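*Asks:* My structure is stored as start17.txt, with compact mmCIF, C-alpha atoms and all ligand atoms.
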```txt
# COMPACT_ATOMS: atom_id res chain seq x y z
CA MET G 1 125.27 25.75 21.96
CA SER G 2 126.29 29.28 22.63
CA ALA G 3 126.29 30.32 26.24
CA SER G 4 124.19 33.39 26.66
CA LEU G 5 125.68 36.12 28.78
CA THR G 6 122.40 37.74 29.68
CA ASP G 7 119.92 36.20 32.05
CA THR G 8 116.74 36.47 30.02
CA ARG G 9 113.42 34.69 30.47
CA SER G 10 114.36 32.56 27.44
CA THR G 11 117.65 31.42 28.98
CA GLN G 12 115.92 30.63 32.29
CA LEU G 13 113.24 28.60 30.52
CA TYR G 14 115.82 26.79 28.42
CA ALA G 15 117.84 25.79 31.49
CA ARG G 16 114.71 24.32 33.11
CA ALA G 17 113.54 22.77 29.82
CA LEU G 18 116.87 20.93 29.45
CA GLU G 19 116.19 19.22 32.78
CA LEU G 20 112.66 18.25 31.81
CA MET G 21 112.71 17.51 28.09
CA PRO G 22 115.36 15.85 25.88
CA GLY G 23 117.35 18.72 24.38
CA GLY G 24 114.87 21.11 25.96
CA VAL G 25 112.35 20.74 23.14
CA ASN G 26 109.53 18.57 21.82
CA SER G 27 110.85 18.42 18.24
CA PRO G 28 114.55 18.59 17.34
CA VAL G 29 114.94 21.48 14.86
CA ARG G 30 113.37 23.92 17.38
CA ALA G 31 116.49 23.63 19.50
CA MET G 32 118.36 25.67 16.82
CA ARG G 33 121.56 23.69 17.40
CA ALA G 34 122.28 23.56 13.66
CA ILE G 35 122.68 27.34 13.63
CA GLY G 36 124.71 27.37 16.82
CA ARG G 37 122.37 29.09 19.23
CA ASP G 38 119.80 28.38 21.92
CA PRO G 39 116.09 27.97 21.20
CA ILE G 40 113.72 30.93 21.32
CA PHE G 41 110.68 30.58 23.57
CA ILE G 42 107.60 32.04 21.92
CA ALA G 43 104.93 33.92 23.84
CA ARG G 44 102.52 34.70 21.00
CA GLY G 45 102.00 35.15 17.28
CA GLU G 46 100.34 38.10 15.55
CA GLY G 47 99.81 37.77 11.80
CA ALA G 48 103.25 37.48 10.23
CA GLU G 49 105.05 38.18 13.50
CA LEU G 50 106.23 36.28 16.54
CA VAL G 51 106.86 37.72 19.97
CA ASP G 52 109.18 35.81 22.29
CA VAL G 53 108.99 35.59 26.08
CA ASP G 54 111.44 38.49 26.38
CA GLY G 55 109.34 40.76 24.19
CA ASN G 56 111.54 40.48 21.08
CA ARG G 57 109.57 40.67 17.86
CA PHE G 58 110.36 38.69 14.69
CA ILE G 59 108.96 38.45 11.18
CA ASP G 60 108.21 34.74 11.10
CA TYR G 61 109.11 32.59 8.06
CA VAL G 62 108.63 29.27 9.81
CA CYS G 63 104.90 29.73 10.48
CA SER G 64 104.77 26.48 12.46
CA TRP G 65 106.59 24.75 9.54
CA GLY G 66 103.79 25.31 7.07
CA PRO G 67 100.31 25.04 8.61
CA LEU G 68 99.84 28.80 9.13
CA ILE G 69 99.22 29.86 5.54
CA HIS G 70 97.12 32.78 6.88
CA GLY G 71 99.65 33.72 9.55
CA HIS G 72 99.23 33.60 13.33
CA ALA G 73 95.87 33.91 15.07
CA GLN G 74 93.93 34.70 11.89
CA PRO G 75 90.60 36.03 13.28
CA GLN G 76 88.27 33.78 11.24
CA VAL G 77 90.30 30.70 12.07
CA ILE G 78 90.35 31.58 15.77
CA ALA G 79 86.59 32.25 15.74
CA ALA G 80 85.96 28.85 14.15
CA ILE G 81 88.07 27.14 16.83
CA GLU G 82 86.27 29.06 19.62
CA GLN G 83 82.86 28.15 18.28
CA ALA G 84 83.83 24.49 18.00
CA ALA G 85 85.37 24.46 21.50
CA GLU G 86 82.15 25.75 23.07
CA LEU G 87 80.35 22.68 21.75
CA GLY G 88 82.86 20.26 23.25
CA THR G 89 86.44 19.46 22.32
CA SER G 90 86.24 15.79 21.35
CA PHE G 91 83.60 13.09 21.09
CA GLY G 92 85.33 10.07 19.60
CA ALA G 93 82.28 9.87 17.39
CA ALA G 94 81.26 11.01 13.91
CA THR G 95 80.56 14.72 13.33
CA ALA G 96 79.17 16.90 10.53
CA GLY G 97 82.40 18.89 10.33
CA GLU G 98 84.37 15.83 9.25
CA VAL G 99 81.99 15.27 6.35
CA GLU G 100 82.31 18.92 5.37
CA LEU G 101 86.12 18.86 5.51
CA ALA G 102 86.32 15.61 3.53
CA ALA G 103 84.08 17.18 0.87
CA ALA G 104 86.23 20.33 0.81
CA VAL G 105 89.36 18.23 0.22
CA VAL G 106 87.75 16.03 -2.43
CA ALA G 107 86.57 19.19 -4.25
CA ARG G 108 90.15 20.49 -4.35
CA MET G 109 92.21 17.39 -5.09
CA GLU G 110 91.24 15.56 -8.25
CA SER G 111 92.89 12.26 -7.29
CA VAL G 112 91.24 12.16 -3.86
CA GLU G 113 87.81 10.49 -3.78
CA MET G 114 87.81 9.54 -0.09
CA LEU G 115 89.66 10.66 3.01
CA ARG G 116 90.79 9.23 6.36
CA MET G 117 91.91 11.80 8.90
CA THR G 118 94.76 11.38 11.40
CA SER G 119 96.36 13.69 13.95
CA SER G 120 99.79 13.92 12.28
CA GLY G 121 101.47 13.53 8.92
CA THR G 122 103.54 10.71 10.38
CA GLU G 123 100.41 8.67 11.03
CA ALA G 124 99.06 9.39 7.56
CA SER G 125 102.37 8.15 6.03
CA MET G 126 102.23 5.02 8.16
CA THR G 127 98.70 4.35 7.00
CA ALA G 128 99.58 5.02 3.35
CA ILE G 129 102.30 2.40 3.44
CA ARG G 130 100.18 -0.18 5.22
CA LEU G 131 97.41 0.36 2.68
CA ALA G 132 99.79 0.20 -0.30
CA ARG G 133 101.24 -3.05 1.01
CA ALA G 134 97.79 -4.53 1.54
CA ALA G 135 96.59 -3.42 -1.90
CA THR G 136 99.60 -4.79 -3.79
CA GLY G 137 100.54 -7.78 -1.64
CA ARG G 138 104.11 -6.46 -1.77
CA GLU G 139 106.35 -5.11 0.99
CA GLN G 140 109.06 -2.83 -0.37
CA VAL G 141 108.63 0.92 -0.60
CA LEU G 142 110.78 3.21 -2.70
CA LYS G 143 111.65 6.57 -1.17
CA PHE G 144 113.98 9.35 -2.21
CA ALA G 145 117.07 10.48 -0.34
CA GLY G 146 116.38 13.80 1.38
CA ALA G 147 112.60 13.28 1.47
CA TYR G 148 110.85 13.35 4.82
CA HIS G 149 107.59 11.54 5.48
CA GLY G 150 107.42 11.82 9.26
CA HIS G 151 109.28 9.68 11.76
CA VAL G 152 108.03 6.32 10.50
CA ASP G 153 110.64 3.61 11.26
CA GLY G 154 111.06 2.38 7.70
CA LEU G 155 111.22 5.87 6.20
CA LEU G 156 114.00 7.42 8.26
CA ALA G 157 116.80 6.25 5.97
CA GLN G 158 118.44 9.33 4.40
CA ALA G 159 115.50 11.42 5.55
CA GLY G 160 115.45 15.19 5.27
CA SER G 161 114.22 17.73 7.83
CA GLY G 162 115.50 17.16 11.40
CA LEU G 163 117.60 14.13 10.46
CA ALA G 164 119.38 16.12 7.78
CA THR G 165 119.74 19.07 10.14
CA GLN G 166 121.60 16.86 12.59
CA ALA G 167 123.47 15.00 9.82
CA LEU G 168 121.99 11.66 10.88
CA PRO G 169 121.80 9.03 8.11
CA ALA G 170 118.95 7.32 9.95
CA SER G 171 118.10 6.66 13.57
CA PRO G 172 119.23 4.10 16.12
CA GLY G 173 116.30 1.97 17.23
CA VAL G 174 115.01 1.29 13.73
CA PRO G 175 114.98 -2.50 13.31
CA GLN G 176 116.85 -4.04 10.37
CA SER G 177 113.57 -5.51 9.25
CA ALA G 178 111.96 -2.07 8.93
CA ALA G 179 114.92 -0.57 7.09
CA ALA G 180 115.03 -3.58 4.74
CA GLY G 181 111.56 -2.67 3.47
CA THR G 182 112.86 0.61 2.05
CA VAL G 183 114.56 1.12 -1.31
CA LEU G 184 116.44 4.43 -1.48
CA VAL G 185 116.92 6.37 -4.70
CA PRO G 186 118.57 9.77 -5.30
CA TRP G 187 115.98 12.43 -6.18
CA ASN G 188 115.87 13.57 -9.81
CA ASP G 189 117.88 10.54 -10.99
CA ALA G 190 115.85 8.91 -13.79
CA ASP G 191 118.11 5.90 -14.36
CA ALA G 192 118.28 5.04 -10.66
CA LEU G 193 114.50 5.24 -10.43
CA ARG G 194 113.96 2.99 -13.48
CA GLU G 195 116.53 0.50 -12.28
CA ALA G 196 115.23 0.30 -8.70
CA SER G 197 111.56 0.12 -9.63
CA GLU G 198 112.20 -2.70 -12.09
CA ARG G 199 114.51 -4.66 -9.80
CA HIS G 200 112.33 -4.58 -6.66
CA GLU G 201 108.75 -5.69 -6.17
CA LEU G 202 107.48 -2.34 -4.96
CA ALA G 203 104.27 -1.73 -3.08
CA ALA G 204 104.73 2.00 -3.52
CA ILE G 205 106.81 4.74 -5.01
CA LEU G 206 106.63 7.39 -2.30
CA ALA G 207 107.65 10.97 -3.03
CA GLU G 208 107.24 14.56 -2.01
CA PRO G 209 106.22 15.93 -5.43
CA LEU G 210 107.91 19.22 -4.49
CA PRO G 211 110.51 18.09 -1.96
CA ALA G 212 110.99 20.73 0.71
CA ASN G 213 112.64 18.85 3.56
CA MET G 214 116.17 19.05 2.12
CA GLY G 215 115.41 22.65 1.30
CA LEU G 216 113.25 23.10 -1.77
CA VAL G 217 114.50 20.84 -4.58
CA PRO G 218 111.84 20.72 -7.31
CA PRO G 219 111.63 17.82 -9.76
CA ARG G 220 113.41 18.06 -13.08
CA GLU G 221 111.22 18.39 -16.17
CA GLY G 222 109.40 15.09 -16.66
CA TYR G 223 110.50 13.48 -13.39
CA LEU G 224 107.06 13.30 -11.78
CA GLU G 225 105.67 11.89 -15.03
CA LEU G 226 108.38 9.24 -14.83
CA LEU G 227 107.29 8.30 -11.30
CA ARG G 228 103.75 7.76 -12.59
CA GLU G 229 105.01 5.74 -15.59
CA GLN G 230 107.24 3.51 -13.49
CA ALA G 231 104.49 2.91 -10.94
CA ASP G 232 102.07 1.90 -13.72
CA ALA G 233 104.65 -0.24 -15.51
CA THR G 234 105.69 -2.14 -12.39
CA GLY G 235 102.39 -2.44 -10.51
CA ALA G 236 103.43 -0.14 -7.64
CA LEU G 237 101.14 2.54 -6.24
CA LEU G 238 102.23 6.15 -6.57
CA VAL G 239 101.96 7.79 -3.15
CA LEU G 240 102.51 11.54 -3.18
CA ASP G 241 103.26 13.23 0.13
CA GLU G 242 101.65 16.65 -0.16
CA VAL G 243 101.88 17.46 3.56
CA ILE G 244 103.71 20.67 2.60
CA SER G 245 102.62 21.28 -1.00
CA GLY G 246 98.93 20.45 -0.53
CA PHE G 247 96.69 23.57 -0.53
CA ARG G 248 99.86 25.69 -0.57
CA VAL G 249 101.44 25.75 -4.03
CA ALA G 250 97.96 25.69 -5.58
CA ARG G 251 94.38 24.93 -4.55
CA GLY G 252 94.89 21.34 -5.72
CA GLY G 253 98.52 21.15 -4.55
CA ALA G 254 101.47 19.88 -6.56
CA GLN G 255 99.18 17.48 -8.42
CA GLU G 256 97.23 20.38 -9.90
CA ARG G 257 100.46 22.10 -10.98
CA SER G 258 102.02 19.04 -12.60
CA GLY G 259 98.95 17.11 -13.75
CA VAL G 260 100.55 13.95 -12.33
CA ARG G 261 97.96 12.19 -10.17
CA ALA G 262 98.67 9.97 -7.20
CA ASP G 263 96.94 6.75 -6.20
CA LEU G 264 97.24 7.84 -2.58
CA THR G 265 97.93 11.34 -1.24
CA ILE G 266 99.27 12.26 2.17
CA LEU G 267 98.03 15.60 3.49
CA GLY G 268 98.87 17.55 6.63
CA LYS G 269 99.96 20.98 7.89
CA VAL G 270 97.58 23.43 6.09
CA ILE G 271 94.68 20.93 6.39
CA GLY G 272 94.70 21.42 10.18
CA GLY G 273 95.03 25.22 10.09
CA GLY G 274 97.53 25.14 12.98
CA LEU G 275 95.83 22.40 14.99
CA PRO G 276 96.90 18.75 14.87
CA ALA G 277 95.35 17.21 11.76
CA ALA G 278 96.49 15.31 8.71
CA ALA G 279 94.90 12.87 6.28
CA LEU G 280 95.34 10.11 3.78
CA GLY G 281 93.24 10.35 0.62
CA GLY G 282 92.93 8.52 -2.65
CA ARG G 283 90.91 6.43 -5.01
CA GLY G 284 87.72 4.97 -3.56
CA GLU G 285 88.56 1.32 -4.18
CA LEU G 286 91.86 1.71 -2.30
CA MET G 287 90.47 3.80 0.56
CA ARG G 288 87.61 1.36 1.12
CA MET G 289 90.20 -1.23 2.14
CA LEU G 290 90.56 0.68 5.44
CA ALA G 291 88.60 -0.55 8.47
CA PRO G 292 85.69 -0.68 9.02
CA ALA G 293 84.87 -0.70 5.27
CA GLY G 294 87.78 -3.12 4.74
CA GLU G 295 90.32 -5.10 6.69
CA VAL G 296 93.34 -2.78 6.83
CA TYR G 297 93.39 -1.52 10.40
CA GLN G 298 93.78 2.16 11.20
CA ALA G 299 92.34 4.25 14.04
CA GLY G 300 92.87 7.32 16.22
CA THR G 301 91.32 8.65 19.44
CA LEU G 302 91.55 12.27 18.26
CA SER G 303 91.30 11.67 14.48
CA GLY G 304 88.96 14.21 12.90
CA ASN G 305 89.05 16.24 16.11
CA PRO G 306 86.30 18.91 15.98
CA LEU G 307 88.64 21.83 16.78
CA ALA G 308 91.18 20.74 14.17
CA VAL G 309 88.45 20.17 11.61
CA ALA G 310 87.01 23.64 12.29
CA ALA G 311 90.44 25.25 11.95
CA GLY G 312 91.13 23.32 8.75
CA LEU G 313 87.79 24.21 7.19
CA ALA G 314 88.14 27.91 8.03
CA THR G 315 91.68 27.84 6.62
CA LEU G 316 90.64 26.21 3.35
CA GLU G 317 87.60 28.49 2.93
CA LEU G 318 89.84 31.56 3.06
CA LEU G 319 92.03 30.18 0.26
CA ASP G 320 90.34 31.58 -2.83
CA GLU G 321 92.03 32.36 -6.13
CA ALA G 322 92.92 35.87 -5.01
CA ALA G 323 94.66 34.41 -1.95
CA TYR G 324 96.81 32.11 -4.07
CA ALA G 325 97.69 34.96 -6.42
CA ARG G 326 98.69 37.10 -3.44
CA LEU G 327 100.77 34.35 -1.81
CA SER G 328 102.54 33.78 -5.09
CA ALA G 329 103.30 37.51 -5.50
CA THR G 330 104.51 37.75 -1.90
CA THR G 331 106.84 34.79 -2.36
CA GLU G 332 108.18 36.19 -5.62
CA ARG G 333 108.86 39.58 -4.04
CA LEU G 334 110.71 37.85 -1.20
CA ALA G 335 112.71 35.60 -3.55
CA GLU G 336 113.71 38.51 -5.79
CA GLY G 337 114.56 40.66 -2.79
CA LEU G 338 116.76 37.96 -1.26
CA ARG G 339 118.58 37.47 -4.59
CA ASP G 340 119.25 41.22 -4.73
CA ALA G 341 120.31 41.26 -1.08
CA ALA G 342 122.84 38.48 -1.73
CA GLY G 343 124.46 40.40 -4.61
CA ASP G 344 127.42 38.34 -5.74
CA TYR G 345 127.43 36.19 -2.60
CA PRO G 346 127.13 32.57 -3.84
CA VAL G 347 123.59 31.58 -2.89
CA ARG G 348 120.70 30.20 -4.92
CA VAL G 349 117.18 31.23 -3.98
CA VAL G 350 114.75 28.53 -5.12
CA SER G 351 111.06 29.39 -4.88
CA LEU G 352 107.57 28.18 -5.64
CA PRO G 353 104.32 29.87 -4.61
CA GLY G 354 104.28 29.85 -0.80
CA LEU G 355 107.75 28.45 -0.13
CA LEU G 356 111.40 29.05 -0.85
CA THR G 357 114.92 28.09 0.20
CA VAL G 358 118.10 30.14 0.24
CA PHE G 359 120.79 27.57 -0.57
CA PHE G 360 124.31 28.54 0.39
CA ALA G 361 125.73 27.07 -2.81
CA ALA G 362 126.84 28.42 -6.18
CA GLU G 363 124.62 25.99 -8.11
CA GLU G 364 121.01 25.06 -7.50
CA PRO G 365 120.85 21.65 -5.75
CA VAL G 366 119.18 18.87 -7.74
CA ASP G 367 119.40 16.20 -5.03
CA PHE G 368 120.15 15.57 -1.37
CA ALA G 369 123.91 15.24 -1.90
CA ASP G 370 123.98 18.72 -3.46
CA ALA G 371 121.94 20.14 -0.58
CA GLN G 372 124.27 18.56 1.97
CA ALA G 373 127.25 20.15 0.21
CA CYS G 374 125.95 23.67 0.97
CA ASP G 375 128.01 26.00 3.18
CA LEU G 376 126.18 25.16 6.41
CA HIS G 377 128.54 27.25 8.49
CA ALA G 378 127.74 30.40 6.51
CA TYR G 379 124.02 29.56 6.51
CA ALA G 380 124.13 29.24 10.31
CA GLN G 381 125.83 32.61 10.73
CA TRP G 382 123.42 34.25 8.29
CA CYS G 383 120.45 32.90 10.28
CA ARG G 384 121.89 34.20 13.57
CA GLU G 385 122.38 37.60 11.93
CA LEU G 386 118.78 37.56 10.68
CA LEU G 387 117.46 36.68 14.13
CA SER G 388 119.42 39.52 15.68
CA ARG G 389 117.68 41.82 13.14
CA GLY G 390 114.16 40.59 13.89
CA VAL G 391 113.73 38.03 11.11
CA TYR G 392 113.01 34.40 12.03
CA PRO G 393 114.18 32.04 9.25
CA PRO G 394 114.04 28.23 9.37
CA PRO G 395 117.03 27.41 11.59
CA SER G 396 118.29 24.74 9.18
CA GLN G 397 119.48 24.69 5.56
CA PHE G 398 117.29 21.61 5.08
CA GLU G 399 113.92 23.31 5.44
CA ALA G 400 111.80 25.77 3.48
CA TRP G 401 110.74 29.31 4.33
CA PHE G 402 106.96 29.64 4.57
CA PRO G 403 105.77 33.15 3.74
CA SER G 404 102.09 33.55 4.59
CA LEU G 405 99.14 35.64 3.50
CA ALA G 406 99.77 37.81 6.56
CA HIS G 407 103.15 38.93 5.20
CA SER G 408 102.80 42.45 3.78
CA HIS G 409 105.08 44.19 1.31
CA GLU G 410 106.44 46.09 4.26
CA HIS G 411 107.34 42.81 6.04
CA ILE G 412 109.07 41.57 2.90
CA ASP G 413 111.01 44.79 2.41
CA ARG G 414 112.17 44.84 6.03
CA THR G 415 113.23 41.21 5.63
CA VAL G 416 115.24 41.99 2.51
CA GLU G 417 116.96 44.88 4.28
CA ALA G 418 117.88 42.61 7.20
CA ALA G 419 119.06 39.94 4.76
CA ALA G 420 121.38 42.37 3.00
CA ALA G 421 122.91 43.38 6.32
CA ALA G 422 123.19 39.71 7.31
CA PHE G 423 124.99 38.86 4.05
CA ALA G 424 127.39 41.75 4.69
CA ALA G 425 128.08 40.40 8.18
CA VAL G 426 128.68 36.88 6.84
CA ARG G 427 131.07 38.24 4.19
CA GLU G 428 133.14 39.94 6.89
CA GLY G 429 132.45 37.42 9.61
CA GLY G 430 134.50 34.41 8.66
CA PRO G 431 134.40 31.81 11.40
CA GLU G 432 132.93 34.14 14.08
CA GLY G 433 130.75 32.46 16.64
CA HIS G 434 130.62 29.10 14.92
CA ALA G 435 129.39 26.45 17.34
C1 LIG G 501 105.92 17.63 8.22
C2 LIG G 501 105.92 16.53 7.22
C3 LIG G 501 105.48 15.23 7.54
C4 LIG G 501 105.17 14.81 8.94
O1 LIG G 501 104.06 15.43 9.47
P1 LIG G 501 103.92 15.51 11.10
O2 LIG G 501 102.59 16.10 11.29
O3 LIG G 501 105.07 16.34 11.58
O4 LIG G 501 104.03 14.09 11.59
C5 LIG G 501 105.36 14.31 6.52
N1 LIG G 501 105.69 14.63 5.25
C6 LIG G 501 106.13 15.84 4.91
C7 LIG G 501 106.45 16.15 3.49
C8 LIG G 501 106.29 16.83 5.88
O5 LIG G 501 106.79 18.02 5.55
```
Just give me the structure of the file as structure tokens.
*Replies:*
Amino acid sequence: MSASLTDTRSTQLYARALELMPGGVNSPVRAMRAIGRDPIFIARGEGAELVDVDGNRFIDYVCSWGPLIHGHAQPQVIAAIEQAAELGTSFGAATAGEVELAAAVVARMESVEMLRMTSSGTEASMTAIRLARAATGREQVLKFAGAYHGHVDGLLAQAGSGLATQALPASPGVPQSAAAGTVLVPWNDADALREASERHELAAILAEPLPANMGLVPPREGYLELLREQADATGALLVLDEVISGFRVARGGAQERSGVRADLTILGKVIGGGLPAAALGGRGELMRMLAPAGEVYQAGTLSGNPLAVAAGLATLELLDEAAYARLSATTERLAEGLRDAAGDYPVRVVSLPGLLTVFFAAEEPVDFADAQACDLHAYAQWCRELLSRGVYPPPSQFEAWFPSLAHSHEHIDRTVEAAAAAFAAVREGGPEGHA
């Protein structure tokens, strides 16, 4: 951590937060330790911009880590939340909105016939695995190194996101028995996948179809098809975690782009429009195994919460074809601009509609090991330089940037200008300020 010399509202809050909350935060990457600085305390969001408690303004590329595809405080989303709140915030009973949201998801995702909502992606992952185990009568689950599926005990081995940011291979406190249920395979490695899926009795092959929690590392040509083939050949279910890609890379998510359909799909982030919501969806005969239709237990006090459902519905309704075309163009302009800004500095900008990663590496990573080999020191300095120029990037190499529909050409162009200056500073900077 860098000691701040100035006594700002942020530094005061951080000092108090450290006494009250582990690391001063409620989720690790927010602490910004990986880029060698203190966390920023946010006062409000306006479209594509964040304002911190000291009045500093940033163009935001985290956007709450993906949910805010329309940017901050989008008026129609806020109105939907206000209207819902006036009718009561939670009933713990069935509502019309849940039916409407389930129908909206089923209309968008071809492989999803039924839906069970949860409050977080972590819960949806947990439920997916329990259901896959019940459906197959098997216990082991294959996951890929660098993929993140929430902080489920058995899925923390070689997980991306915050674990990668802090260079943790897994977490203390995970019982041997939970870890033993997980088979780890390097992403994009066809032989390792074939070998592992044939050797183990797998309940599920679990994957982010467009992995974004080690930075964005798309599948090689044919790799998603291979997941489907191996699942079919070995009797495992294919569980695709579209918490990030769902409703973002296309109306029907990564499955629409690739044509590879999952048995079960994990959804989150965009589906809650910035409020806590996630879901598990899939084929009817599998989903009907969940209680009370079936015997696989799953429940949640705030599942299908009316405010979250209203925010999710408003968010999805605003995502028409024109919106996806615009998000794609915005992302492309940003990716191209960042490549230009880098010049001959050795970075690779990997992008898909609605997300991108600037890898500090000469070659595009194809797996977690490649991502971990990036120049994290230079990335950290570059991020600090961006922040000092009013651009808020993900404060970790192992995350994606999330441009939103609120990002204008002017935002992108200002970002590219700041990025060029930040690259120049990194070029000259050497080991300056490294924490
Ligand atoms: C964010 C994320 C999760 C976990 O969702 P939470 O709501 O944070 O529990 C799961 N899978 C992927 C791919 C994610 O990006």
*Asks:* Extract, using only C-alpha atoms, all DNA, RNA and protein residues at most 8 Å from Ala308 of chain G, discarding same-chain residues fewer than 2 positions from it, and format them as a ChimeraX atom specification.
*Replies:* /G:81,272-277,304-306,310-312
*Asks:* Show me, as number ranges by chain, the residues that have an atom within 12 Å of Gly162 of chain G when counting only C-alpha atoms, minus same-chain residues fewer than 6 positions from it.
*Replies:* G: 27-34, 65, 146-151, 156, 168-171, 213-215, 394-399
*Asks:* Dump the neighbourhood of ligand LIG 501 (chain G) as a VMD selection string: all residues within 10 Å, distances computed on only C-alpha atoms and all ligand atoms.
*Replies:* chain G and resid 27 64 to 67 118 to 126 147 to 152 160 to 161 207 to 213 240 to 246 266 to 269 272 275 to 279 399 to 400
*Asks:* If you count all atoms listed in the file, which residues fall within 10 Å of Asp370 of chain G, apart from same-chain ones fewer than 5 positions away, as a ChimeraX atom specification?
*Replies:* /G:214,217,359,361,363-365
*Asks:* Would you mind telling me which residue in G:Gly252, G:Pro39, G:Pro175, G:Pro186 lies nearest to Pro219 of chain G when using only C-alpha atoms?
*Replies:*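 Closest candidate: G:Pro186.
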*Asks:* Report, in Å to a single decimal, how far apart atom CA of Ile69 of chain G and atom CA of Asp320 of chain G are.
*Replies:* 12.3 Å
*Asks:* As an exercise, work out the distance from atom CA of Gln298 of chain G to atom CA of Arg108 of chain G in Å and give it to one decimal place.
*Replies:*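 Interatomic distance, atom CA of Gln298 of chain G to atom CA of Arg108 of chain G: 24.3 Å.
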*Asks:* So how far away is atom CA of Ala342 of chain G from atom CA of His377 of chain G, in Å?
*Replies:*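 According to the coordinates, atom CA of His377 of chain G and atom CA of Ala342 of chain G are separated by 16.2 Å.
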*Asks:* Would you please work out which residue, of G:Met109, G:Leu238, G:Leu115, G:Leu216, is nearest to Val141 of chain G when using only C-alpha atoms?
*Replies:*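 Looking at the shortest contact to Val141 of chain G, the residue is G:Leu238.
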*Asks:* Can you pull out the residues contacting Ala135 of chain G? Cut-off 10 Å, using all atoms listed in the file, and skip same-chain residues under 6 positions away; I want them as a PDB file with C-alpha atoms, in the frame of the given file.
*Replies:*
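Wrote result_9.pdb, looks like this:
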```
ATOM      1  CA  ILE G 129     102.300   2.400   3.440  1.00  0.00           C
ATOM      2  CA  ALA G 203     104.270  -1.730  -3.080  1.00  0.00           C
ATOM      3  CA  ALA G 204     104.730   2.000  -3.520  1.00  0.00           C
ATOM      4  CA  ALA G 236     103.430  -0.140  -7.640  1.00  0.00           C
ATOM      5  CA  LEU G 237     101.140   2.540  -6.240  1.00  0.00           C
ATOM      6  CA  GLU G 285      88.560   1.320  -4.180  1.00  0.00           C
ATOM      7  CA  LEU G 286      91.860   1.710  -2.300  1.00  0.00           C
ATOM      8  CA  MET G 287      90.470   3.800   0.560  1.00  0.00           C
ATOM      9  CA  MET G 289      90.200  -1.230   2.140  1.00  0.00           C
ATOM     10  CA  VAL G 296      93.340  -2.780   6.830  1.00  0.00           C
TER      11      VAL G 296
END
```
